[in-house]
Amino acid sequence: MNAALAGLAELNPASVQAPANIVARARTIGAEIAARHAADVDRDGRFPNEAFDALREQKLLGVMIPADLGGGGAPLFDVAAACHALARGCAATGMIYAMHQIQIACLVNHGSNGWHRDLMQRIAAGQLLLGSATTEAETGGDIRNSVCAVRADGDRFTLAKNASVISYGDQSDVILVTARRNPDAPSSDQVLAVVTKQDYRLEKTSLWDAMGMRGTCSDGYRLEAAGVIDQILPLSYADLSAQTMLPVTHILWSSTWLGIAADAVSRARAYVRSEAKRKPGTTPASAVRLAEATAKLQQMKAVILAAIRQYELACGSPERLTSLSFATAMGTLKVTTSELVREVVEAAIRTCGLAGYRNDTPYSLGRHLRDAHSAALMIGNDRIMSHISTQLLVQRDGSGAFE
Ligand SMILES: Cc1cc2nc3c(=O)[nH]c(=O)nc-3n(C[C@H](O)[C@H](O)[C@H](O)COP(=O)(O)OP(=O)(O)OC[C@H]3O[C@@H](n4cnc5c(N)ncnc54)[C@H](O)[C@@H]3O)c2cc1C
């Protein structure tokens with residue numbers, strides 16, 4: 001593989017050398033299964049069943065769960081590389097895998113009681129799929145505020161949420177739901193409740209017929225759940241989000257978008273090569289655009305790798321993870337990669353010309369462009385930038401570049 005197009009995993013020799021490692025298995029599933037069904041998943045807006053059957057068979061849904069609970073104990077780097085590898089074949093598959101692993105990371109980092117440990121064992125053994133209900137009809141993308149609330153009664157609770165988007169809600173076995181701590185709590189005093197299929201009832205309120213990411217099946221639901229108090233993660237959602245959900249989300253989403261961009265560049269490169277074969281001895285004019293797409297792809301990869309390193313360095317230090325500078329770094333990662341993925345795909349389309357614009361050539365890039373457009377909207381970039389600009393007013397200057 002051309003070094004410029006190499007995936008994240010190629011940059012980690014240990015990851016490449018480990019036999020039958022998770023990245024290699026994800027790469028095979030991405031290239032041989034997800035890619036084969038990607039057009040069909042996109043056209044019909046259906047869940048990528050074939051890829052997820054294979055991921056379950058390869059035990060890739062529980063890879064981040066600690067080994068003593070039956071999982072693989074994989075580091076975030078490997079999971080990011082797996083998201084990238086899957087998204088190269090089918091962006092919806094990569095994004096569903098990313099969203100699932102984000103929920104797993106929250107459970108692993110913050111689910112310390114017996115109920116949560118037992119659930120993690122069940123997830124690893126049964127390869128259960130985890131979904132997320134953060135977006136609420138009343139608050140939209142403002143996921144740090146909730147209208148719905150936990151109602152406690154003794155050691156049990158109930159909650160009801162107008163969840164305007166729950167990706168793959170029909171296929172999920174477990175859903176992590178944000179809600180106010182109690183009916184009297186302010187909207188920002190939230191907790192994260194973990195509810196299993198036995199605990200909740202979903203009533204569909206809208207169908208996902210979107211421009212791109214059609215296979216994520218991000219339907220709307222009214223969710224009603226009941227469970228024991230132990231199911232609620234003990235840390236406040238504000239801290240849990242800062243320490244785990246926000247950084248892991250932005251790293252895994254960005255890695256998925258890198259997969260879309262990498263496949264677009266692969267197609268553009270194949271097109272330029274075919275042009276070069278047709279006219280031996282000349283460099284096709286389209287190669288200039290390919291260079292531009294490749295440079296932006298490298299930029300994406302660099303910022304993702306830097307963010308993973310920053311996260312690794314901050315892990316274990318709640319103080320660093322909740323610092324404004326860390327939140328700013330993770331927010332800008334999301335904004336940067338979500339803009340770059342669209343720019344890379346557009347440069348790839350310019351490279352291929354009509355062959356990329358048409359839907360019936362090996363170089364078609366319509367699906368990539370539609371999928372890439374979801375990136376800036378998944379927690380709107382303008383919302384993130386307005387949040388960052390407020391933080392900058394109170395943030396002190398870092399004393400060094402590596403803080
Ligand atoms: C493929 C996909 C899968 C998803 N899956 C899930 C899921 O499984 N579970 C889930 O809970 N959610 C999911 N979501 C929803 C997602 O997390 C966001 O909540 C949602 O995309 C935000 O939608 P919105 O644009 O309507 O909301 P809003 O955030 O309300 O934004 C509306 C518009 O207002 C702008 N805006 C808002 N605030 C500001 C501000 N302060 N300054 C400037 N502009 C602002 C935004 O930029 C945007 O243009 C998914 C979204 C997508 C695209």
# chains A, B, ... in the order shown; residues from 1 in each chain; ligands from 1

$ residues_around --residues "Arg320 (chain A)" --least-positions-apart "3" --cutoff "12 Å" --atoms "only C-alpha atoms" --output "mmCIF file with C-alpha atoms, in the first residue's frame"
data_model
loop_
_atom_site.group_PDB
_atom_site.id
_atom_site.type_symbol
_atom_site.label_atom_id
_atom_site.label_comp_id
_atom_site.auth_asym_id
_atom_site.auth_seq_id
_atom_site.Cartn_x
_atom_site.Cartn_y
_atom_site.Cartn_z
ATOM 1 C CA ASP A 239 -17.634 14.674 34.243
ATOM 2 C CA ALA A 242 -15.518 15.360 29.667
ATOM 3 C CA GLN A 243 -13.396 12.363 30.700
ATOM 4 C CA THR A 244 -14.618 9.727 28.262
ATOM 5 C CA GLN A 310 -3.140 13.552 23.904
ATOM 6 C CA TYR A 311 -5.909 11.311 25.234
ATOM 7 C CA GLU A 312 -3.425 8.589 26.218
ATOM 8 C CA LEU A 313 -1.306 11.153 28.049
ATOM 9 C CA ALA A 314 -4.312 12.564 29.900
ATOM 10 C CA CYS A 315 -5.855 9.166 30.778
ATOM 11 C CA GLY A 316 -5.862 8.466 34.494
ATOM 12 C CA SER A 317 -5.820 12.174 35.339
ATOM 13 C CA SER A 323 -9.326 20.832 31.681
ATOM 14 C CA LEU A 324 -10.530 23.467 29.236
ATOM 15 C CA SER A 325 -7.466 23.033 27.030
ATOM 16 C CA PHE A 326 -8.175 19.301 26.627
ATOM 17 C CA ALA A 327 -11.843 19.977 25.790
ATOM 18 C CA THR A 328 -10.761 22.597 23.260
ATOM 19 C CA ALA A 329 -8.310 20.144 21.669
ATOM 20 C CA GLU A 403 0.248 20.434 27.540
#

$ residues_near_ligand --ligand "ligand 1" --cutoff "7 Å" --atoms "only C-alpha atoms and all ligand atoms" --output "mmCIF file with C-alpha atoms, in the first residue's frame"
data_model
loop_
_atom_site.group_PDB
_atom_site.id
_atom_site.type_symbol
_atom_site.label_atom_id
_atom_site.label_comp_id
_atom_site.auth_asym_id
_atom_site.auth_seq_id
_atom_site.Cartn_x
_atom_site.Cartn_y
_atom_site.Cartn_z
ATOM 1 C CA GLY A 131 -26.757 2.279 21.185
ATOM 2 C CA SER A 132 -27.059 5.844 22.458
ATOM 3 C CA ALA A 133 -29.973 8.147 23.303
ATOM 4 C CA THR A 134 -28.489 11.576 24.012
ATOM 5 C CA THR A 135 -30.384 13.724 21.477
ATOM 6 C CA GLU A 136 -33.826 14.742 22.708
ATOM 7 C CA THR A 139 -33.191 20.068 23.169
ATOM 8 C CA GLY A 140 -31.870 18.834 19.768
ATOM 9 C CA GLY A 141 -28.104 18.694 19.543
ATOM 10 C CA ASP A 142 -27.702 20.401 22.935
ATOM 11 C CA ILE A 143 -26.860 17.088 24.555
ATOM 12 C CA ALA A 163 -35.332 10.535 21.609
ATOM 13 C CA VAL A 165 -32.454 10.039 16.999
ATOM 14 C CA ILE A 166 -31.343 6.599 18.167
ATOM 15 C CA SER A 167 -29.141 5.014 15.513
ATOM 16 C CA MET A 213 -25.108 7.578 6.503
ATOM 17 C CA THR A 216 -27.102 3.885 10.504
ATOM 18 C CA SER A 218 -31.096 6.682 12.899
ATOM 19 C CA SER A 374 -23.084 14.203 7.981
ATOM 20 C CA ALA A 375 -19.773 14.882 9.757
ATOM 21 C CA LEU A 377 -23.788 18.064 11.576
ATOM 22 C CA MET A 378 -23.156 15.349 14.165
ATOM 23 C CA ILE A 379 -23.138 17.879 17.006
ATOM 24 C CA GLY A 380 -23.108 20.937 14.744
ATOM 25 C CA ASN A 381 -19.682 22.458 14.135
ATOM 26 C CA ASP A 382 -21.085 25.942 14.738
ATOM 27 C CA ARG A 383 -22.400 24.773 18.114
ATOM 28 C CA SER A 386 -19.479 28.773 19.805
ATOM 29 C CA HIS A 387 -18.815 26.623 22.899
#

$ select_by_dssp --residues "region 91-198 of chain A" --states "helix (DSSP H, G or I)" --output "ChimeraX atom specification"
/A:91-110,114-126

$ closest_residue --among "A:Ser146, A:Asn113, A:Leu223, A:Ala347" --to "Lys161 (chain A)" --atoms "only C-alpha atoms"
A:Leu223

$ closest_residue --among "A:Ala376, A:Val23, A:Cys148, A:Met64" --to "Asp78 (chain A)" --atoms "only C-alpha atoms"
A:Val23

$ atom_distance --atom1 "CA of Val228 (chain A)" --atom2 "CA of Asp155 (chain A)"
5.8 Å

$ closest_residue --among "A:His37, A:Arg289, A:Arg122, A:Lys197" --to "Thr93 (chain A)" --atoms "only C-alpha atoms"
A:His37
